[in-house]
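Novice: Okay, handing you the structure first.
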Amino acid sequence: MSEVTMTVNGRKVSGSCEDRTLLAHFLRENLGLTGTHVGCDTSQCGACVVHVDGKAVKSCTMLAVQANGTDVMTIEGLAGDDLHPVQAAFREHHGLQCGFCTPGMIMAATDMINRHGPGNLDEKTVRGELEGNICRCTGYHNIVKAILAASEAMAKGAGAKAA
């Protein structure tokens with residue numbers, strides 16, 4: 001067993017886990033943060049995307065002990081008093097159906113917007129970068145539309161919150 005300490009959603013947390021415990025499982029089972037979904041355990045689907053030190057990471061391929069000392073942001077920590085612009089855009093543009101992939105999609109989209117800069121995305125870039133995130137319900141059209149809308153809203157400063 002190892003003791004890990006990290007900052008999760010702005011709060012310092014510690015816990016014991018086996019060395020082989022995946023970050024996704026540590027977040028869900030030790031911390032009760034069930035918004036991070038595990039859909040495949042093989043990094044194929046992207047439902048488990050979180051931000052580690054400001055970068056999107058598939059938490060089913062990272063051990064909790066590797067996250068020791070890092071800053072982790074999950075879907076639960078993305079919004080403040082209001083929805084994050086990406087969350088609001090997914091709601092407004094119907095970028096979800098069953099919702100299973102949505103947390104990972106939103107976290108990947110937020111990372112994408114942060115890396116490219118708000119207002120600097122186009123459909124081809126968004127579609128290319130979503131290749132590691134699988135949605136089994138939609139045709140991605142509304143997801144792409146939501147990400148582009150969120151990028152534009154963040155460029156205009158509509159509740160922009162770096163995450």
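In the structure tokens, each chain is lettered A, B, ... as it comes, each chain's residues begin at 1, and ligands are numbered from 1 in order of appearance.
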Quick one: residues within 10 Å of Asp122 (chain A), only C-alpha atoms counted, chain neighbours fewer than 3 positions away excluded, as a PyMOL selection string?
Specialist: chain A and resi 119+125-127+144-145+147-148+151
Novice: Which polymer residues have any atom within 8 Å of an atom of region 44-52 of chain A, counting only C-alpha atoms, with same-chain residues fewer than 3 positions away left out, as a PyMOL selection string?
Specialist: chain A and resi 24+36-41+55-60+67+70-75+100-105+107-108+111+132-135+163
Novice: Determine, counting only C-alpha atoms, which protein, DNA and RNA residues have an atom within 12 Å of an atom of Pro85 (chain A); residues of the same chain fewer than 4 positions away are not included. Present the result as a PyMOL selection string.
Specialist: chain A and resi 78-81+89-93+106-107+109-110+113+118+146-163
Novice: Output C-alpha atoms for every residue in that selection, as an mmCIF file, in the first residue's frame.
Specialist:
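Listed below is the output, part.cif:
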data_model
loop_
_atom_site.group_PDB
_atom_site.id
_atom_site.type_symbol
_atom_site.label_atom_id
_atom_site.label_comp_id
_atom_site.auth_asym_id
_atom_site.auth_seq_id
_atom_site.Cartn_x
_atom_site.Cartn_y
_atom_site.Cartn_z
ATOM 1 C CA LEU A 78 -14.770 22.444 -13.306
ATOM 2 C CA ALA A 79 -17.762 24.627 -12.492
ATOM 3 C CA GLY A 80 -17.867 27.351 -9.890
ATOM 4 C CA ASP A 81 -21.158 28.915 -8.901
ATOM 5 C CA ALA A 89 -22.414 24.932 -24.326
ATOM 6 C CA PHE A 90 -22.920 21.152 -24.106
ATOM 7 C CA ARG A 91 -26.286 21.786 -22.471
ATOM 8 C CA GLU A 92 -27.303 24.537 -24.879
ATOM 9 C CA HIS A 93 -26.229 22.697 -28.042
ATOM 10 C CA ILE A 106 -16.014 18.200 -21.493
ATOM 11 C CA MET A 107 -12.620 17.789 -19.847
ATOM 12 C CA ALA A 109 -12.750 20.011 -24.785
ATOM 13 C CA THR A 110 -11.656 22.344 -22.000
ATOM 14 C CA ILE A 113 -9.665 25.241 -25.841
ATOM 15 C CA PRO A 118 -10.362 30.548 -26.897
ATOM 16 C CA ALA A 146 -20.870 22.771 -28.473
ATOM 17 C CA ILE A 147 -17.067 22.880 -28.299
ATOM 18 C CA LEU A 148 -16.876 25.548 -31.005
ATOM 19 C CA ALA A 149 -19.578 27.585 -29.245
ATOM 20 C CA ALA A 150 -17.761 27.269 -25.906
ATOM 21 C CA SER A 151 -14.501 28.358 -27.508
ATOM 22 C CA GLU A 152 -16.183 31.464 -28.917
ATOM 23 C CA ALA A 153 -17.956 32.210 -25.627
ATOM 24 C CA MET A 154 -14.663 31.934 -23.745
ATOM 25 C CA ALA A 155 -13.011 34.243 -26.297
ATOM 26 C CA LYS A 156 -15.692 36.800 -25.532
ATOM 27 C CA GLY A 157 -15.146 36.316 -21.805
ATOM 28 C CA ALA A 158 -18.536 34.726 -21.111
ATOM 29 C CA GLY A 159 -17.768 33.265 -17.718
ATOM 30 C CA ALA A 160 -14.334 32.199 -18.914
ATOM 31 C CA LYS A 161 -12.610 30.091 -16.326
ATOM 32 C CA ALA A 162 -9.305 28.438 -17.084
ATOM 33 C CA ALA A 163 -9.267 24.864 -15.936
#
Novice: Pick out each residue of region 21-132 of chain A that DSSP on the backbone tags as helix (DSSP H, G or I); I need them as a ChimeraX atom specification.
Specialist: /A:23-30,64-67,75-78,85-92,102-116,123-132
Novice: Please produce an output containing N, CA and C atoms for each residue in the selection, written as a tab-separated table (two decimals), in the first residue's frame.
Specialist:
chain	number	residue	atom	x	y	z
A	23	LEU	N	-5.63	5.94	-11.32
A	23	LEU	CA	-6.11	7.24	-10.85
A	23	LEU	C	-7.63	7.30	-10.93
A	24	ALA	N	-8.21	6.79	-12.00
A	24	ALA	CA	-9.67	6.81	-12.14
A	24	ALA	C	-10.34	6.10	-10.97
A	25	HIS	N	-9.81	4.97	-10.58
A	25	HIS	CA	-10.40	4.21	-9.48
A	25	HIS	C	-10.16	4.91	-8.14
A	26	PHE	N	-8.99	5.52	-7.97
A	26	PHE	CA	-8.72	6.27	-6.74
A	26	PHE	C	-9.72	7.42	-6.60
A	27	LEU	N	-9.95	8.15	-7.68
A	27	LEU	CA	-10.89	9.27	-7.65
A	27	LEU	C	-12.30	8.79	-7.32
A	28	ARG	N	-12.72	7.72	-7.96
A	28	ARG	CA	-14.08	7.21	-7.78
A	28	ARG	C	-14.26	6.52	-6.42
A	29	GLU	N	-13.36	5.61	-6.09
A	29	GLU	CA	-13.55	4.77	-4.91
A	29	GLU	C	-13.05	5.39	-3.62
A	30	ASN	N	-11.91	6.05	-3.66
A	30	ASN	CA	-11.36	6.63	-2.43
A	30	ASN	C	-11.95	8.00	-2.15
A	64	ALA	N	-2.51	6.02	-9.52
A	64	ALA	CA	-2.70	7.04	-8.49
A	64	ALA	C	-1.37	7.47	-7.91
A	65	VAL	N	-0.43	6.54	-7.74
A	65	VAL	CA	0.87	6.91	-7.19
A	65	VAL	C	1.64	7.83	-8.13
A	66	GLN	N	1.36	7.77	-9.44
A	66	GLN	CA	1.99	8.69	-10.38
A	66	GLN	C	1.44	10.10	-10.23
A	67	ALA	N	0.24	10.20	-9.69
A	67	ALA	CA	-0.39	11.50	-9.48
A	67	ALA	C	-0.03	12.11	-8.14
A	75	ILE	N	-14.36	16.60	-13.42
A	75	ILE	CA	-15.57	17.29	-13.89
A	75	ILE	C	-16.28	17.97	-12.71
A	76	GLU	N	-16.19	17.39	-11.52
A	76	GLU	CA	-16.85	17.98	-10.35
A	76	GLU	C	-16.24	19.32	-9.97
A	77	GLY	N	-14.99	19.55	-10.31
A	77	GLY	CA	-14.32	20.78	-9.93
A	77	GLY	C	-14.29	21.84	-11.01
A	78	LEU	N	-14.85	21.52	-12.17
A	78	LEU	CA	-14.77	22.44	-13.31
A	78	LEU	C	-15.63	23.68	-13.12
A	85	PRO	N	-18.19	27.45	-19.12
A	85	PRO	CA	-18.69	27.70	-20.48
A	85	PRO	C	-18.79	26.44	-21.35
A	86	VAL	N	-17.90	25.48	-21.16
A	86	VAL	CA	-17.98	24.25	-21.95
A	86	VAL	C	-19.20	23.43	-21.51
A	87	GLN	N	-19.44	23.35	-20.21
A	87	GLN	CA	-20.62	22.64	-19.72
A	87	GLN	C	-21.90	23.32	-20.22
A	88	ALA	N	-21.92	24.64	-20.15
A	88	ALA	CA	-23.10	25.38	-20.61
A	88	ALA	C	-23.34	25.16	-22.10
A	89	ALA	N	-22.27	25.13	-22.88
A	89	ALA	CA	-22.41	24.93	-24.33
A	89	ALA	C	-22.90	23.52	-24.64
A	90	PHE	N	-22.43	22.52	-23.89
A	90	PHE	CA	-22.92	21.15	-24.11
A	90	PHE	C	-24.41	21.09	-23.82
A	91	ARG	N	-24.86	21.78	-22.79
A	91	ARG	CA	-26.29	21.79	-22.47
A	91	ARG	C	-27.07	22.52	-23.55
A	92	GLU	N	-26.59	23.70	-23.91
A	92	GLU	CA	-27.30	24.54	-24.88
A	92	GLU	C	-27.36	23.92	-26.27
A	102	THR	N	-19.86	12.22	-21.50
A	102	THR	CA	-19.87	13.68	-21.36
A	102	THR	C	-18.79	14.25	-20.45
A	103	PRO	N	-18.57	13.72	-19.25
A	103	PRO	CA	-17.50	14.29	-18.42
A	103	PRO	C	-16.14	14.28	-19.11
A	104	GLY	N	-15.79	13.16	-19.74
A	104	GLY	CA	-14.52	13.07	-20.45
A	104	GLY	C	-14.47	13.99	-21.65
A	105	MET	N	-15.58	14.10	-22.36
A	105	MET	CA	-15.65	15.01	-23.52
A	105	MET	C	-15.45	16.45	-23.06
A	106	ILE	N	-16.11	16.83	-21.99
A	106	ILE	CA	-16.01	18.20	-21.49
A	106	ILE	C	-14.60	18.50	-21.02
A	107	MET	N	-13.99	17.57	-20.32
A	107	MET	CA	-12.62	17.79	-19.85
A	107	MET	C	-11.64	17.85	-21.01
A	108	ALA	N	-11.83	16.99	-22.02
A	108	ALA	CA	-10.97	17.03	-23.22
A	108	ALA	C	-11.19	18.34	-23.98
A	109	ALA	N	-12.44	18.77	-24.08
A	109	ALA	CA	-12.75	20.01	-24.79
A	109	ALA	C	-12.15	21.22	-24.08
A	110	THR	N	-12.22	21.23	-22.77
A	110	THR	CA	-11.66	22.34	-22.00
A	110	THR	C	-10.15	22.42	-22.22
A	111	ASP	N	-9.50	21.27	-22.20
A	111	ASP	CA	-8.06	21.22	-22.46
A	111	ASP	C	-7.76	21.72	-23.88
A	112	MET	N	-8.56	21.28	-24.82
A	112	MET	CA	-8.37	21.68	-26.22
A	112	MET	C	-8.46	23.20	-26.37
A	113	ILE	N	-9.48	23.79	-25.77
A	113	ILE	CA	-9.66	25.24	-25.84
A	113	ILE	C	-8.51	25.96	-25.15
A	114	ASN	N	-8.10	25.45	-24.00
A	114	ASN	CA	-6.98	26.07	-23.28
A	114	ASN	C	-5.69	26.02	-24.09
A	115	ARG	N	-5.43	24.91	-24.76
A	115	ARG	CA	-4.19	24.77	-25.53
A	115	ARG	C	-4.19	25.62	-26.80
A	116	HIS	N	-5.31	25.65	-27.49
A	116	HIS	CA	-5.38	26.39	-28.76
A	116	HIS	C	-5.72	27.86	-28.55
A	123	GLU	N	-13.70	23.33	-36.97
A	123	GLU	CA	-14.32	22.01	-36.92
A	123	GLU	C	-13.31	20.89	-37.16
A	124	LYS	N	-12.42	21.07	-38.11
A	124	LYS	CA	-11.44	20.02	-38.42
A	124	LYS	C	-10.54	19.74	-37.21
A	125	THR	N	-10.09	20.77	-36.55
A	125	THR	CA	-9.24	20.60	-35.36
A	125	THR	C	-10.00	19.88	-34.25
A	126	VAL	N	-11.22	20.31	-33.99
A	126	VAL	CA	-12.02	19.70	-32.93
A	126	VAL	C	-12.25	18.22	-33.24
A	127	ARG	N	-12.66	17.91	-34.45
A	127	ARG	CA	-12.92	16.51	-34.81
A	127	ARG	C	-11.64	15.67	-34.69
A	128	GLY	N	-10.53	16.23	-35.13
A	128	GLY	CA	-9.26	15.51	-35.03
A	128	GLY	C	-8.86	15.23	-33.60
A	129	GLU	N	-9.05	16.20	-32.74
A	129	GLU	CA	-8.65	16.04	-31.34
A	129	GLU	C	-9.62	15.18	-30.54
A	130	LEU	N	-10.82	14.99	-31.04
A	130	LEU	CA	-11.78	14.14	-30.34
A	130	LEU	C	-11.63	12.66	-30.70
A	131	GLU	N	-10.66	12.33	-31.53
A	131	GLU	CA	-10.50	10.94	-31.95
A	131	GLU	C	-10.27	10.00	-30.77
A	132	GLY	N	-9.76	10.48	-29.67
A	132	GLY	CA	-9.54	9.64	-28.50
A	132	GLY	C	-10.71	9.59	-27.54
Novice: Enumerate the residues of chain A with a DSSP assignment of strand (DSSP E or B), computed from the backbone, and present them as a compact mmCIF listing (two decimals) with C-alpha atoms, in the first residue's frame.
Specialist:
# COMPACT_ATOMS: atom_id res chain seq x y z
CA SER A 2 1.14 3.49 -0.76
CA GLU A 3 0.07 6.81 0.67
CA VAL A 4 -0.72 9.41 -1.99
CA THR A 5 -1.36 13.11 -1.56
CA MET A 6 -2.63 15.37 -4.30
CA THR A 7 -4.74 18.44 -4.75
CA VAL A 8 -8.10 17.48 -6.27
CA ARG A 11 -8.59 20.61 -2.09
CA LYS A 12 -5.59 18.72 -0.71
CA VAL A 13 -6.44 15.05 -0.25
CA SER A 14 -4.55 11.98 0.92
CA GLY A 15 -5.31 8.31 0.87
CA SER A 16 -3.89 4.82 0.87
CA CYS A 17 -4.06 2.62 -2.18
CA LEU A 22 -5.52 3.53 -11.36
CA VAL A 49 -10.34 12.26 -18.91
CA VAL A 50 -9.27 14.54 -16.07
CA HIS A 51 -6.71 17.33 -15.93
CA VAL A 52 -3.42 16.60 -14.19
CA LYS A 55 -3.22 18.81 -19.02
CA ALA A 56 -5.83 16.31 -20.15
CA VAL A 57 -4.97 12.78 -19.05
CA LYS A 58 -6.88 9.53 -19.44
CA LEU A 63 -1.60 5.13 -11.56
CA ASP A 71 -2.99 19.07 -9.08
CA VAL A 72 -5.97 17.08 -10.42
CA MET A 73 -9.17 18.63 -11.79
Novice: Just give me the gap between CA of His94 (chain A) and CA of Asn142 (chain A) in Å, one decimal is fine.
Specialist: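 Answer for the CA of His94 (chain A) to CA of Asn142 (chain A) separation: 6.0 Å.
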Novice: How many Å lie between CA of Gly69 (chain A) and CA of Leu31 (chain A), rounded to one decimal?
Specialist: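 Here the two named atoms are 15.8 Å from each other.
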Novice: One number please: CA of Tyr140 (chain A) to CA of Asp82 (chain A), in Å, one decimal.
Specialist: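 So the two atoms, CA of Tyr140 (chain A) and CA of Asp82 (chain A), lie 25.0 Å apart.
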